[in-house]
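**Student:** Below is the file coords-v9.cif, which contains mmCIF, C-alpha atoms.
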data_final
loop_
_atom_site.label_atom_id
_atom_site.label_comp_id
_atom_site.auth_asym_id
_atom_site.auth_seq_id
_atom_site.Cartn_x
_atom_site.Cartn_y
_atom_site.Cartn_z
CA MET A 1 66.66 68.41 123.77
CA GLY A 2 66.06 66.71 120.44
CA LEU A 3 68.32 66.31 117.43
CA THR A 4 69.52 69.35 115.53
CA LEU A 5 68.95 69.51 111.79
CA THR A 6 72.59 68.60 111.19
CA GLN A 7 72.27 65.50 113.37
CA MET A 8 68.94 64.57 111.81
CA ASP A 9 70.41 65.01 108.31
CA ALA A 10 73.14 62.50 109.21
CA GLU A 11 70.56 60.03 110.58
CA ILE A 12 68.47 60.30 107.43
CA ASP A 13 71.53 59.95 105.18
CA THR A 14 72.37 56.70 106.97
CA ALA A 15 68.82 55.37 106.72
CA LEU A 16 68.67 56.20 103.01
CA ALA A 17 72.19 54.92 102.29
CA ASN A 18 72.65 58.34 100.72
CA ALA A 19 76.39 58.02 100.06
CA GLY A 20 75.73 58.75 96.39
CA ALA A 21 73.95 61.97 97.38
CA GLN A 22 70.67 61.12 95.66
CA TRP A 23 69.13 63.62 98.05
CA SER A 24 70.70 67.01 98.71
CA SER A 25 70.78 68.68 102.12
CA THR A 26 68.17 71.14 100.88
CA GLU A 27 65.84 68.31 99.92
CA ILE A 28 66.33 66.58 103.26
CA GLU A 29 65.65 69.85 105.11
CA TYR A 30 62.45 70.25 103.09
CA ALA A 31 61.45 66.68 103.97
CA VAL A 32 62.06 67.36 107.67
CA ASP A 33 59.95 70.54 107.52
CA ARG A 34 57.09 68.60 105.92
CA ALA A 35 57.33 65.84 108.53
CA VAL A 36 57.25 68.42 111.35
CA ALA A 37 54.20 70.05 109.76
CA ASP A 38 52.46 66.64 109.74
CA LEU A 39 53.48 66.10 113.35
CA SER A 40 51.87 69.45 114.22
CA ARG A 41 48.57 68.32 112.75
CA VAL A 42 48.34 65.35 115.13
CA LEU A 43 50.44 66.39 118.13
CA PRO A 44 50.54 70.21 118.16
CA ARG A 45 52.33 72.29 120.75
CA GLN A 46 50.28 72.99 123.87
CA LEU A 47 51.05 76.54 124.98
CA VAL A 48 49.75 79.18 127.38
CA LEU A 49 49.76 82.94 126.94
CA ASP A 50 50.03 84.80 130.25
CA HIS A 51 48.36 88.13 129.53
CA THR A 52 48.71 91.01 131.96
CA VAL A 53 45.70 93.27 131.76
CA SER A 54 46.85 96.78 130.81
CA TYR A 55 44.35 98.99 129.05
CA THR A 56 45.43 102.56 129.72
CA VAL A 57 47.55 104.26 127.04
CA THR A 58 48.95 107.71 127.78
CA GLY A 59 50.50 110.20 125.34
CA GLU A 60 50.93 107.94 122.32
CA SER A 61 52.73 109.96 119.64
CA VAL A 62 50.87 109.91 116.32
CA ILE A 63 52.19 111.52 113.12
CA LEU A 64 49.42 111.99 110.61
CA VAL A 65 50.02 110.93 107.01
CA GLY A 66 47.57 112.48 104.60
CA GLY A 67 45.43 113.48 107.55
CA THR A 68 45.00 109.99 109.03
CA LYS A 69 46.89 107.45 111.15
CA ALA A 70 46.30 104.10 112.82
CA LEU A 71 47.00 103.97 116.55
CA ALA A 72 49.11 101.22 118.10
CA ASN A 73 45.95 99.41 119.23
CA GLN A 74 42.53 98.51 117.96
CA TYR A 75 39.23 98.24 119.83
CA ILE A 76 39.36 101.53 121.69
CA LYS A 77 36.76 102.20 124.36
CA TYR A 78 34.22 104.62 122.94
CA GLY A 79 34.76 108.20 124.03
CA SER A 80 37.84 107.39 126.15
CA GLU A 81 40.37 109.26 124.00
CA THR A 82 42.02 112.61 124.60
CA VAL A 83 43.73 114.12 121.53
CA LYS A 84 46.23 116.97 121.97
CA ASP A 85 48.85 118.74 119.89
CA GLU A 86 52.52 117.78 120.13
CA THR A 87 53.12 120.18 123.00
CA GLU A 88 50.05 118.80 124.81
CA VAL A 89 48.73 122.35 125.23
CA THR A 90 45.83 122.28 122.78
CA THR A 91 43.08 119.67 123.18
CA TYR A 92 41.12 118.81 120.05
CA VAL A 93 37.43 118.00 119.84
CA ARG A 94 36.06 114.78 118.35
CA ASP A 95 33.78 115.26 115.32
CA THR A 96 34.98 118.87 115.06
CA ASP A 97 38.73 118.46 114.63
CA TYR A 98 38.92 114.68 114.06
CA THR A 99 36.95 111.46 113.78
CA MET A 100 37.77 108.21 115.54
CA ASP A 101 37.32 104.67 114.22
CA TYR A 102 37.19 102.85 117.56
CA ALA A 103 37.12 99.32 116.16
CA ASN A 104 40.19 99.74 113.94
CA GLY A 105 41.96 102.34 116.07
CA VAL A 106 42.25 104.98 113.32
CA ILE A 107 42.17 108.73 113.84
CA THR A 108 41.39 111.06 110.90
CA ARG A 109 41.54 114.84 110.85
CA ILE A 110 38.58 116.89 109.70
CA ALA A 111 39.72 119.36 107.05
CA THR A 112 37.68 122.21 108.55
CA GLY A 113 39.14 121.62 112.03
CA ASP A 114 42.38 122.80 113.64
CA ILE A 115 44.54 119.72 112.95
CA GLY A 116 47.00 119.88 110.06
CA ALA A 117 47.36 117.05 107.52
CA THR A 118 50.84 116.12 108.80
CA ASP A 119 50.59 117.21 112.45
CA THR A 120 52.04 115.21 115.30
CA LEU A 121 49.45 114.43 117.96
CA LYS A 122 49.55 113.06 121.47
CA VAL A 123 46.70 110.61 122.02
CA SER A 124 45.65 109.03 125.31
CA TYR A 125 42.89 106.40 125.46
CA THR A 126 41.59 103.24 127.09
CA LYS A 127 41.45 99.95 125.25
CA PHE A 128 38.24 97.92 125.29
CA ARG A 129 38.44 95.93 128.54
CA VAL A 130 37.13 92.63 127.18
CA VAL A 131 39.66 92.28 124.35
CA ILE A 132 43.08 90.59 124.35
CA ASP A 133 45.52 91.25 121.50
CA MET A 134 46.85 87.89 120.24
CA SER A 135 48.93 89.25 117.35
CA SER A 136 52.21 88.42 119.11
CA LEU A 137 51.47 84.71 118.88
CA THR A 138 52.75 82.78 115.86
CA SER A 139 51.56 79.60 114.16
CA VAL A 140 48.40 79.37 116.27
CA GLN A 141 46.17 76.47 115.28
CA ARG A 142 43.35 76.79 117.76
CA ILE A 143 42.53 78.44 121.07
CA LEU A 144 41.16 75.94 123.58
CA ARG A 145 40.51 77.75 126.83
CA ALA A 146 40.48 81.20 128.40
CA GLU A 147 40.99 81.59 132.14
CA TYR A 148 40.26 84.87 133.96
CA PRO A 149 41.23 85.85 136.54
CA VAL A 150 44.00 83.35 137.19
CA ALA A 151 45.10 81.74 140.47
CA GLN A 152 41.60 80.78 141.55
CA VAL A 153 40.66 77.31 142.78
CA PRO A 154 38.68 75.92 141.17
CA GLN A 155 39.97 77.58 138.03
CA ARG A 156 37.63 80.12 136.48
CA PHE A 157 37.26 79.49 132.78
CA VAL A 158 35.29 81.95 130.69
CA ALA A 159 33.62 81.86 127.31
CA PHE A 160 35.44 83.56 124.45
CA TRP A 161 35.39 84.20 120.74
CA THR A 162 38.02 85.40 118.30
CA TRP A 163 38.08 87.93 115.49
CA GLY A 164 41.30 88.28 113.53
CA ASP A 165 44.16 88.66 116.00
CA TYR A 166 41.88 89.53 118.90
CA LEU A 167 40.20 87.43 121.58
CA PHE A 168 37.02 88.65 123.26
CA ILE A 169 36.41 87.50 126.82
CA GLY A 170 32.85 86.41 127.58
CA PRO A 171 31.02 85.40 130.76
CA PRO A 172 32.27 82.61 133.05
CA ALA A 173 30.79 79.11 132.95
CA GLY A 174 27.21 79.03 134.08
CA ASP A 175 26.81 82.80 133.82
CA THR A 176 25.46 85.11 131.13
CA SER A 177 26.95 88.39 132.31
CA GLN A 178 30.08 89.68 130.59
CA GLU A 179 32.44 91.63 132.80
CA ARG A 180 35.34 94.01 132.18
CA MET A 181 38.82 92.80 133.04
CA SER A 182 40.64 94.74 135.76
CA GLU A 183 43.94 96.55 135.28
CA GLY A 184 46.93 94.53 136.47
CA LYS A 185 45.18 91.18 136.67
CA HIS A 186 46.24 88.21 134.55
CA ALA A 187 44.45 86.05 132.00
CA HIS A 188 45.68 82.69 130.70
CA ILE A 189 44.94 81.68 127.12
CA TYR A 190 45.49 78.00 126.36
CA TYR A 191 46.14 77.29 122.71
CA LEU A 192 47.55 74.81 120.19
CA ALA A 193 50.33 75.84 117.81
CA ASP A 194 52.55 74.40 115.09
CA HIS A 195 55.89 72.98 116.08
CA THR A 196 59.10 74.64 114.96
CA ALA A 197 61.42 72.47 112.88
CA PRO A 198 65.00 71.81 114.02
CA THR A 199 67.78 74.12 112.88
CA ALA A 200 71.49 73.54 112.43
CA SER A 201 72.10 74.52 116.06
CA ALA A 202 68.89 73.59 117.88
CA GLY A 203 66.34 70.80 118.04
CA GLY A 204 62.68 71.18 117.18
CA SER A 205 60.05 72.36 119.64
CA TYR A 206 58.70 68.81 120.13
CA GLU A 207 59.93 66.30 122.71
CA GLY A 208 63.15 64.47 121.88
CA TYR A 209 61.42 61.08 121.79
CA LEU A 210 59.56 62.26 118.68
CA ASP A 211 62.78 62.64 116.67
CA SER A 212 62.40 59.10 115.36
CA VAL A 213 58.86 59.91 114.21
CA VAL A 214 60.04 62.99 112.34
CA ILE A 215 62.87 61.00 110.75
CA ALA A 216 60.40 58.36 109.54
CA GLY A 217 58.20 61.04 108.00
CA ALA A 218 61.18 62.80 106.44
CA ILE A 219 62.36 59.56 104.84
CA ALA A 220 58.89 59.08 103.34
CA TYR A 221 59.05 62.57 101.85
CA CYS A 222 62.58 61.87 100.53
CA TYR A 223 61.25 58.81 98.71
CA THR A 224 58.45 60.95 97.26
CA ILE A 225 60.98 63.55 96.11
CA ARG A 226 63.03 60.87 94.38
CA ALA A 227 59.94 59.38 92.72
CA THR A 228 58.95 62.81 91.43
CA GLN A 229 62.45 63.41 90.07
CA LEU A 230 62.37 60.07 88.25
CA LYS A 231 59.01 60.90 86.73
CA HIS A 232 60.46 64.17 85.45
CA ASP A 233 63.42 62.23 84.05
CA ALA A 234 61.00 59.84 82.36
CA ASP A 235 59.15 62.78 80.83
CA GLY A 236 62.47 64.14 79.55
CA ALA A 237 63.40 60.78 78.04
CA LEU A 238 60.01 60.52 76.35
CA ASN A 239 60.44 64.03 74.95
CA ASP A 240 63.85 63.01 73.59
CA ALA A 241 62.25 59.89 72.09
CA ASP A 242 59.61 62.05 70.42
CA GLY A 243 62.38 64.24 69.01
CA ALA A 244 64.23 61.21 67.63
CA ILE A 245 61.04 59.87 66.08
CA SER A 246 60.42 63.29 64.54
CA ASP A 247 63.93 63.29 63.09
CA ALA A 248 63.36 59.78 61.74
CA SER A 249 60.08 60.97 60.25
CA ASN A 250 61.92 63.81 58.56
CA ALA A 251 64.47 61.33 57.24
CA ASN A 252 61.60 59.15 56.07
CA ALA A 253 60.10 62.15 54.30
CA ALA A 254 63.36 62.26 52.34
CA ASP A 255 62.52 58.87 50.86
CA GLY A 256 61.49 60.75 47.75
CA ASP A 257 65.10 61.91 47.48
CA LEU A 258 66.24 58.34 48.15
CA ASP A 259 63.99 57.01 45.38
CA THR A 260 65.22 59.74 43.07
CA ALA A 261 68.82 58.81 43.83
CA LEU A 262 68.15 55.16 43.06
CA ASP A 263 66.36 56.10 39.85
CA ASN A 264 69.30 58.28 38.92
CA ALA A 265 71.71 55.43 39.63
CA HIS A 266 69.68 53.10 37.45
CA GLY A 267 69.54 55.73 34.73
CA PHE A 268 73.26 56.30 34.86
CA LEU A 269 73.90 52.59 34.51
CA THR A 270 71.48 52.33 31.62
CA SER A 271 72.97 55.36 29.91
CA GLY A 272 76.47 54.00 30.46
CA GLY A 273 75.55 50.64 28.97
CA SER A 274 74.23 52.17 25.77
CA LEU A 275 77.21 54.46 25.46
CA ILE A 276 79.61 51.53 25.55
CA ASN A 277 78.25 50.58 22.14
CA THR A 278 78.43 54.10 20.73
CA VAL A 279 81.60 55.55 22.19
CA ASN A 280 84.92 53.98 21.15
CA GLN A 281 87.36 56.74 21.83
CA GLY A 282 88.16 59.40 24.42
CA GLU A 283 87.31 59.06 28.16
CA ASP A 284 85.57 56.03 29.67
CA VAL A 285 82.04 57.48 29.56
CA ALA A 286 80.38 54.27 30.69
CA GLY A 287 82.77 54.03 33.65
CA HIS A 288 81.91 57.58 34.74
CA TYR A 289 78.22 56.83 34.65
CA GLY A 290 78.80 53.69 36.69
CA ARG A 291 80.69 55.63 39.38
CA TYR A 292 77.93 58.26 39.45
CA ALA A 293 75.42 55.47 39.99
CA VAL A 294 77.46 54.05 42.88
CA ALA A 295 77.68 57.51 44.49
CA GLU A 296 73.92 58.04 44.21
CA ALA A 297 73.28 54.61 45.72
CA GLU A 298 75.61 55.40 48.63
CA VAL A 299 73.75 58.66 49.31
CA ALA A 300 70.50 56.71 49.44
CA ALA A 301 72.02 54.11 51.77
CA GLY A 302 73.37 56.88 54.02
CA ARG A 303 69.95 58.47 54.38
CA SER A 304 68.49 55.10 55.22
CA ARG A 305 71.14 54.54 57.90
CA ILE A 306 70.42 57.98 59.44
CA ARG A 307 66.72 57.21 59.63
CA ASP A 308 67.43 53.84 61.25
CA SER A 309 69.77 55.46 63.79
CA TYR A 310 67.05 57.93 64.80
CA LEU A 311 64.59 55.10 65.27
CA ALA A 312 67.14 53.17 67.36
CA MET A 313 67.75 56.30 69.44
CA ALA A 314 64.01 56.69 70.02
CA GLU A 315 63.86 53.07 71.17
CA ARG A 316 66.69 53.65 73.67
CA TYR A 317 64.97 56.77 75.05
CA SER A 318 61.69 54.88 75.38
CA GLN A 319 63.44 52.09 77.27
CA LEU A 320 65.12 54.67 79.53
CA ALA A 321 61.75 56.30 80.23
CA ALA A 322 60.29 52.92 81.14
CA GLN A 323 63.22 52.32 83.50
CA TYR A 324 62.68 55.71 85.16
CA MET A 325 58.98 55.01 85.61
CA ALA A 326 59.71 51.60 87.13
CA GLU A 327 62.14 53.19 89.59
CA ALA A 328 59.63 55.93 90.38
CA ALA A 329 56.97 53.29 91.15
CA HIS A 330 59.48 51.58 93.44
CA PHE A 331 60.18 54.77 95.39
CA GLU A 332 56.47 55.60 95.56
CA ASP A 333 55.84 52.18 97.09
CA MET A 334 58.64 52.76 99.62
CA ALA A 335 57.21 56.19 100.43
CA ARG A 336 53.75 54.71 100.93
CA ARG A 337 55.09 52.11 103.34
CA LYS A 338 57.05 54.72 105.28
CA TYR A 339 54.02 57.03 105.43
CA LEU A 340 51.93 54.22 106.91
CA GLU A 341 54.62 53.64 109.54
CA PHE A 342 54.85 57.39 110.23
CA TRP A 343 51.11 57.89 110.65
CA ALA A 344 50.69 54.72 112.70
CA ILE A 345 53.26 56.00 115.21
CA LEU A 346 51.66 59.46 115.26
CA ASN A 347 48.19 58.05 115.88
CA ASP A 348 49.56 55.86 118.65
CA ARG A 349 51.22 58.86 120.32
CA ASN A 350 48.02 60.86 119.91
CA GLN A 351 45.96 58.18 121.63
CA ILE A 352 48.38 58.14 124.55
CA GLN A 353 48.15 61.93 124.78
CA ASP A 354 44.35 61.82 124.65
CA GLN A 355 44.27 59.31 127.49
CA ASN A 356 46.42 61.59 129.63
CA SER A 357 44.52 64.76 128.76
CA ILE A 358 42.15 66.38 131.21
CA ILE A 359 40.96 69.13 128.87
CA ASP A 360 37.51 67.57 128.38
CA THR A 361 36.91 67.66 132.14
CA PHE A 362 36.83 71.45 132.14
CA GLN A 363 34.86 72.25 128.97
CA VAL A 364 32.98 75.53 129.21
#
Reformat the file's structure so that it appears as structure tokens.
**Tutor:**
Amino acid sequence: MGLTLTQMDAEIDTALANAGAQWSSTEIEYAVDRAVADLSRVLPRQLVLDHTVSYTVTGESVILVGGTKALANQYIKYGSETVKDETEVTTYVRDTDYTMDYANGVITRIATGDIGATDTLKVSYTKFRVVIDMSSLTSVQRILRAEYPVAQVPQRFVAFWTWGDYLFIGPPAGDTSQERMSEGKHAHIYYLADHTAPTASAGGSYEGYLDSVVIAGAIAYCYTIRATQLKHDADGALNDADGAISDASNANAADGDLDTALDNAHGFLTSGGSLINTVNQGEDVAGHYGRYAVAEAEVAAGRSRIRDSYLAMAERYSQLAAQYMAEAAHFEDMARRKYLEFWAILNDRNQIQDQNSIIDTFQV
């Protein structure tokens, strides 16, 4: 049994030196899921469905909704159905009391017949004897072979084709005649499927020796996650820099006020100078004008300092954005290297598997 998600999380934390928690458990779990998905593309699960042929359905209870209802199965043998009322006393007639969609397994009442819009019916029928329902299978990638009947030597592989969740059995190799499957016999369907990722309490569906491959892939995805985060941080810093530049621009637009303040200061000084020669009693008029001029000049200097601070802030944000981008490039390079390692191992494992495979020997 392979590593559980908890064990794999610890392994990845160690490999990433993640003591500072740059990557959360959720992010590491996501990375593991992505690595398992990549593993499935190259080394999928090899599974077999053992299907027991059973095509007779007796007394299936069907409650009509709005005069129609889908049966539990599709691909019904034409004309094989018997439709009765709930007590199984009255037998209804096709195309008089109801219609049957054999491909989709849907029965529909005919308004002029004897079936009510919400009646409960008892329906018996035979499923099409060349069809296998595959809807119970999950994460199927591809169906490789169909064997029917089983337990023959040499094995008897038959042609097949699929439509939706259903597999249609064709003639055996070297033959052109399709045959019905017999009740109670078995068919084997060989197929490829996605692996399941490890959980907190169980390992993945792949062999334990592939844990190291999954860890390598997960680390690559962790590096990609970190690079993406840093790029977002860089975007945020650049947005902050734009805001600071905008504020500086607004402060710069106030230069008219700054120029006015300086003009006022100069005017106050000029006015004060002339008043020194004309005023010789009362308050110090020239002194007041001088203080007003100083105040106006300080206002102007303050606005200039604010503008310069915004520009300095924009510069800091720009430098921070550049730092984020440099770190993102670093993590992208690490991710690229880890991806190459990951895929090299996968391809090597795939070649070994191909050498050991005998599937091509039995192609139909």
**Student:** Please write the residues picked by the PyMOL selection byres ((chain A and resi 102) around 10) on this file as a list in words.
**Tutor:**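 On this input, the PyMOL selection byres ((chain A and resi 102) around 10) captures Leu71, Asn73, Gln74, Tyr75, Ile76, Lys77, Tyr78, Gly79, Ser80, Glu81, Thr99, Met100, Asp101, Ala103, Asn104, Gly105, Val106, Ile107, Lys127 and Phe128 of chain A.
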**Student:** Write a file of the selected residues as a PDB file, in the frame of the given file, keeping C-alpha atoms.
**Tutor:**
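Below you can see part.pdb, which holds the result:
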ATOM      1  CA  LEU A  71      47.000 103.970 116.550  1.00  0.00           C
ATOM      2  CA  ASN A  73      45.950  99.410 119.230  1.00  0.00           C
ATOM      3  CA  GLN A  74      42.530  98.510 117.960  1.00  0.00           C
ATOM      4  CA  TYR A  75      39.230  98.240 119.830  1.00  0.00           C
ATOM      5  CA  ILE A  76      39.360 101.530 121.690  1.00  0.00           C
ATOM      6  CA  LYS A  77      36.760 102.200 124.360  1.00  0.00           C
ATOM      7  CA  TYR A  78      34.220 104.620 122.940  1.00  0.00           C
ATOM      8  CA  GLY A  79      34.760 108.200 124.030  1.00  0.00           C
ATOM      9  CA  SER A  80      37.840 107.390 126.150  1.00  0.00           C
ATOM     10  CA  GLU A  81      40.370 109.260 124.000  1.00  0.00           C
ATOM     11  CA  THR A  99      36.950 111.460 113.780  1.00  0.00           C
ATOM     12  CA  MET A 100      37.770 108.210 115.540  1.00  0.00           C
ATOM     13  CA  ASP A 101      37.320 104.670 114.220  1.00  0.00           C
ATOM     14  CA  ALA A 103      37.120  99.320 116.160  1.00  0.00           C
ATOM     15  CA  ASN A 104      40.190  99.740 113.940  1.00  0.00           C
ATOM     16  CA  GLY A 105      41.960 102.340 116.070  1.00  0.00           C
ATOM     17  CA  VAL A 106      42.250 104.980 113.320  1.00  0.00           C
ATOM     18  CA  ILE A 107      42.170 108.730 113.840  1.00  0.00           C
ATOM     19  CA  LYS A 127      41.450  99.950 125.250  1.00  0.00           C
ATOM     20  CA  PHE A 128      38.240  97.920 125.290  1.00  0.00           C
TER      21      PHE A 128
END
**Student:** Applied to this file, what does the PyMOL selection byres ((chain A and resi 51) around 7) return in terms of residues, put as a PyMOL selection string?
**Tutor:** chain A and resi 49-50+52-53+186-188
**Student:** Taking all atoms listed in the file into account, which of A:Leu47, A:Ile115, A:Ala216, A:Ala329 comes nearest Tyr190 in chain A?
**Tutor:**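 Nearest candidate to Tyr190 in chain A out of A:Leu47, A:Ile115, A:Ala216, A:Ala329: A:Leu47.
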**Student:** Just the number, please: distance in Å from CA of Pro149 in chain A to CA of Ile132 in chain A, one decimal.
**Tutor:** 13.2 Å
**Student:** Could you pull the residues within 7 Å of His195 in chain A, counting all atoms listed in the file, minus those fewer than 4 positions along the same chain, as number ranges by chain?
**Tutor:** A: 36, 40, 44-45, 205-206
**Student:** Here is a test: counting only C-alpha atoms, which residue of A:Asn18, A:Asp348, A:Asp235, A:Tyr98 is nearest to Leu210 in chain A?
**Tutor:** A:Asp348
**Student:** Hey, what comes out of the PyMOL selection byres ((chain A and resi 332) around 10) on this file? Could you write it as an mmCIF file with C-alpha atoms, in the coordinates of the input?
**Tutor:**
data_model
loop_
_atom_site.group_PDB
_atom_site.id
_atom_site.type_symbol
_atom_site.label_atom_id
_atom_site.label_comp_id
_atom_site.auth_asym_id
_atom_site.auth_seq_id
_atom_site.Cartn_x
_atom_site.Cartn_y
_atom_site.Cartn_z
ATOM 1 C CA ALA A 220 58.890 59.080 103.340
ATOM 2 C CA TYR A 221 59.050 62.570 101.850
ATOM 3 C CA TYR A 223 61.250 58.810 98.710
ATOM 4 C CA THR A 224 58.450 60.950 97.260
ATOM 5 C CA ILE A 225 60.980 63.550 96.110
ATOM 6 C CA ARG A 226 63.030 60.870 94.380
ATOM 7 C CA ALA A 227 59.940 59.380 92.720
ATOM 8 C CA THR A 228 58.950 62.810 91.430
ATOM 9 C CA ALA A 326 59.710 51.600 87.130
ATOM 10 C CA GLU A 327 62.140 53.190 89.590
ATOM 11 C CA ALA A 328 59.630 55.930 90.380
ATOM 12 C CA ALA A 329 56.970 53.290 91.150
ATOM 13 C CA HIS A 330 59.480 51.580 93.440
ATOM 14 C CA PHE A 331 60.180 54.770 95.390
ATOM 15 C CA ASP A 333 55.840 52.180 97.090
ATOM 16 C CA MET A 334 58.640 52.760 99.620
ATOM 17 C CA ALA A 335 57.210 56.190 100.430
ATOM 18 C CA ARG A 336 53.750 54.710 100.930
ATOM 19 C CA ARG A 337 55.090 52.110 103.340
ATOM 20 C CA LYS A 338 57.050 54.720 105.280
#
**Student:** With 12 Å as the threshold, what does the neighbourhood of (70.8, 66.4, 114.8) contain in terms of residues, counting all atoms listed in the file? Coordinates are those of the file; answer as a list in words.
**Tutor:**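 Result, sorted by chain then residue number: Met1, Gly2, Leu3, Thr4, Leu5, Thr6, Gln7, Met8, Asp9, Ala10, Glu11, Ile12, Asp13, Glu29, Val32, Ala197, Pro198, Thr199, Ala200, Ser201, Ala202, Gly203, Gly204, Gly208, Asp211, Ser212, Val214 and Ile215 of chain A.
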**Student:** For those residues, write C-alpha atoms to a file as a PDB file, in the frame of the given file.
**Tutor:**
ATOM      1  CA  MET A   1      66.660  68.410 123.770  1.00  0.00           C
ATOM      2  CA  GLY A   2      66.060  66.710 120.440  1.00  0.00           C
ATOM      3  CA  LEU A   3      68.320  66.310 117.430  1.00  0.00           C
ATOM      4  CA  THR A   4      69.520  69.350 115.530  1.00  0.00           C
ATOM      5  CA  LEU A   5      68.950  69.510 111.790  1.00  0.00           C
ATOM      6  CA  THR A   6      72.590  68.600 111.190  1.00  0.00           C
ATOM      7  CA  GLN A   7      72.270  65.500 113.370  1.00  0.00           C
ATOM      8  CA  MET A   8      68.940  64.570 111.810  1.00  0.00           C
ATOM      9  CA  ASP A   9      70.410  65.010 108.310  1.00  0.00           C
ATOM     10  CA  ALA A  10      73.140  62.500 109.210  1.00  0.00           C
ATOM     11  CA  GLU A  11      70.560  60.030 110.580  1.00  0.00           C
ATOM     12  CA  ILE A  12      68.470  60.300 107.430  1.00  0.00           C
ATOM     13  CA  ASP A  13      71.530  59.950 105.180  1.00  0.00           C
ATOM     14  CA  GLU A  29      65.650  69.850 105.110  1.00  0.00           C
ATOM     15  CA  VAL A  32      62.060  67.360 107.670  1.00  0.00           C
ATOM     16  CA  ALA A 197      61.420  72.470 112.880  1.00  0.00           C
ATOM     17  CA  PRO A 198      65.000  71.810 114.020  1.00  0.00           C
ATOM     18  CA  THR A 199      67.780  74.120 112.880  1.00  0.00           C
ATOM     19  CA  ALA A 200      71.490  73.540 112.430  1.00  0.00           C
ATOM     20  CA  SER A 201      72.100  74.520 116.060  1.00  0.00           C
ATOM     21  CA  ALA A 202      68.890  73.590 117.880  1.00  0.00           C
ATOM     22  CA  GLY A 203      66.340  70.800 118.040  1.00  0.00           C
ATOM     23  CA  GLY A 204      62.680  71.180 117.180  1.00  0.00           C
ATOM     24  CA  GLY A 208      63.150  64.470 121.880  1.00  0.00           C
ATOM     25  CA  ASP A 211      62.780  62.640 116.670  1.00  0.00           C
ATOM     26  CA  SER A 212      62.400  59.100 115.360  1.00  0.00           C
ATOM     27  CA  VAL A 214      60.040  62.990 112.340  1.00  0.00           C
ATOM     28  CA  ILE A 215      62.870  61.000 110.750  1.00  0.00           C
TER      29      ILE A 215
END
**Student:** Using only C-alpha atoms, pick whichever of A:Thr68, A:Thr56, A:Thr120, A:Ser24 has the shortest atom-to-atom distance to Glu86 in chain A.
**Tutor:**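 Looking only at the distances to Glu86 in chain A, the closest residue turns out to be A:Thr120.
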**Student:** By how many Å are CA of Ala31 in chain A and CA of Thr14 in chain A apart?
**Tutor:**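 Answer for the CA of Ala31 in chain A to CA of Thr14 in chain A separation: 15.1 Å.
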**Student:** State, in Å with one decimal place, the distance from CA of Leu144 in chain A to CA of Leu39 in chain A.
**Tutor:** 18.8 Å
**Student:** Would you pick out the contacts of range 109-111 of chain A at 12 Å or less, using all atoms listed in the file, so that residues sharing its chain but fewer than 3 positions from it are not included, and give the list as a list in words?
**Tutor:**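 Using all atoms listed in the file, the neighbours found are Val62, Ile63, Leu64, Val65, Gly66, Gly67, Thr68, Lys69, Ala70, Val83, Tyr92, Val93, Arg94, Asp95, Thr96, Asp97, Tyr98, Thr99, Met100, Asp101, Val106, Asp114, Ile115, Gly116, Ala117, Thr118, Asp119, Thr120 and Leu121 of chain A.
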**Student:** Now that the selection is made, can you save its residues with C-alpha atoms as a short mmCIF file (atom, residue, chain, number, x, y, z; two decimals), in the coordinates of the input?
**Tutor:**
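New file selection30.cif:
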data_model
loop_
_atom_site.label_atom_id
_atom_site.label_comp_id
_atom_site.auth_asym_id
_atom_site.auth_seq_id
_atom_site.Cartn_x
_atom_site.Cartn_y
_atom_site.Cartn_z
CA VAL A 62 50.87 109.91 116.32
CA ILE A 63 52.19 111.52 113.12
CA LEU A 64 49.42 111.99 110.61
CA VAL A 65 50.02 110.93 107.01
CA GLY A 66 47.57 112.48 104.60
CA GLY A 67 45.43 113.48 107.55
CA THR A 68 45.00 109.99 109.03
CA LYS A 69 46.89 107.45 111.15
CA ALA A 70 46.30 104.10 112.82
CA VAL A 83 43.73 114.12 121.53
CA TYR A 92 41.12 118.81 120.05
CA VAL A 93 37.43 118.00 119.84
CA ARG A 94 36.06 114.78 118.35
CA ASP A 95 33.78 115.26 115.32
CA THR A 96 34.98 118.87 115.06
CA ASP A 97 38.73 118.46 114.63
CA TYR A 98 38.92 114.68 114.06
CA THR A 99 36.95 111.46 113.78
CA MET A 100 37.77 108.21 115.54
CA ASP A 101 37.32 104.67 114.22
CA VAL A 106 42.25 104.98 113.32
CA ASP A 114 42.38 122.80 113.64
CA ILE A 115 44.54 119.72 112.95
CA GLY A 116 47.00 119.88 110.06
CA ALA A 117 47.36 117.05 107.52
CA THR A 118 50.84 116.12 108.80
CA ASP A 119 50.59 117.21 112.45
CA THR A 120 52.04 115.21 115.30
CA LEU A 121 49.45 114.43 117.96
#
**Student:** Nearest residue to Gln46 in chain A out of A:Glu183, A:Glu207, A:Asp242, A:Glu60, using only C-alpha atoms?
**Tutor:**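 Answer, going by the shortest atom-to-atom distance: A:Glu207.
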**Student:** Which one is closest to Ile189 in chain A: A:Val153, A:Leu238, A:Ala173, A:Leu137? Count only C-alpha atoms.
**Tutor:**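 Using only C-alpha atoms, the shortest distance to Ile189 in chain A belongs to A:Leu137.
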**Student:** May I have the centre and edge lengths, in Å to one decimal, of an axis-aligned box around the listed atoms of range 158-171 of chain A with 3 Å added to every side, as AutoDock Vina command-line options?
**Tutor:**
--center_x 37.6 --center_y 85.7 --center_z 122.1 --size_x 19.1 --size_y 13.7 --size_z 23.2
**Student:** Considering all atoms listed in the file, can you say which of A:Ser177, A:Ala159, A:Pro154, A:Ala72 comes closest to Ser135 in chain A?
**Tutor:**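 Closest candidate: A:Ala72.
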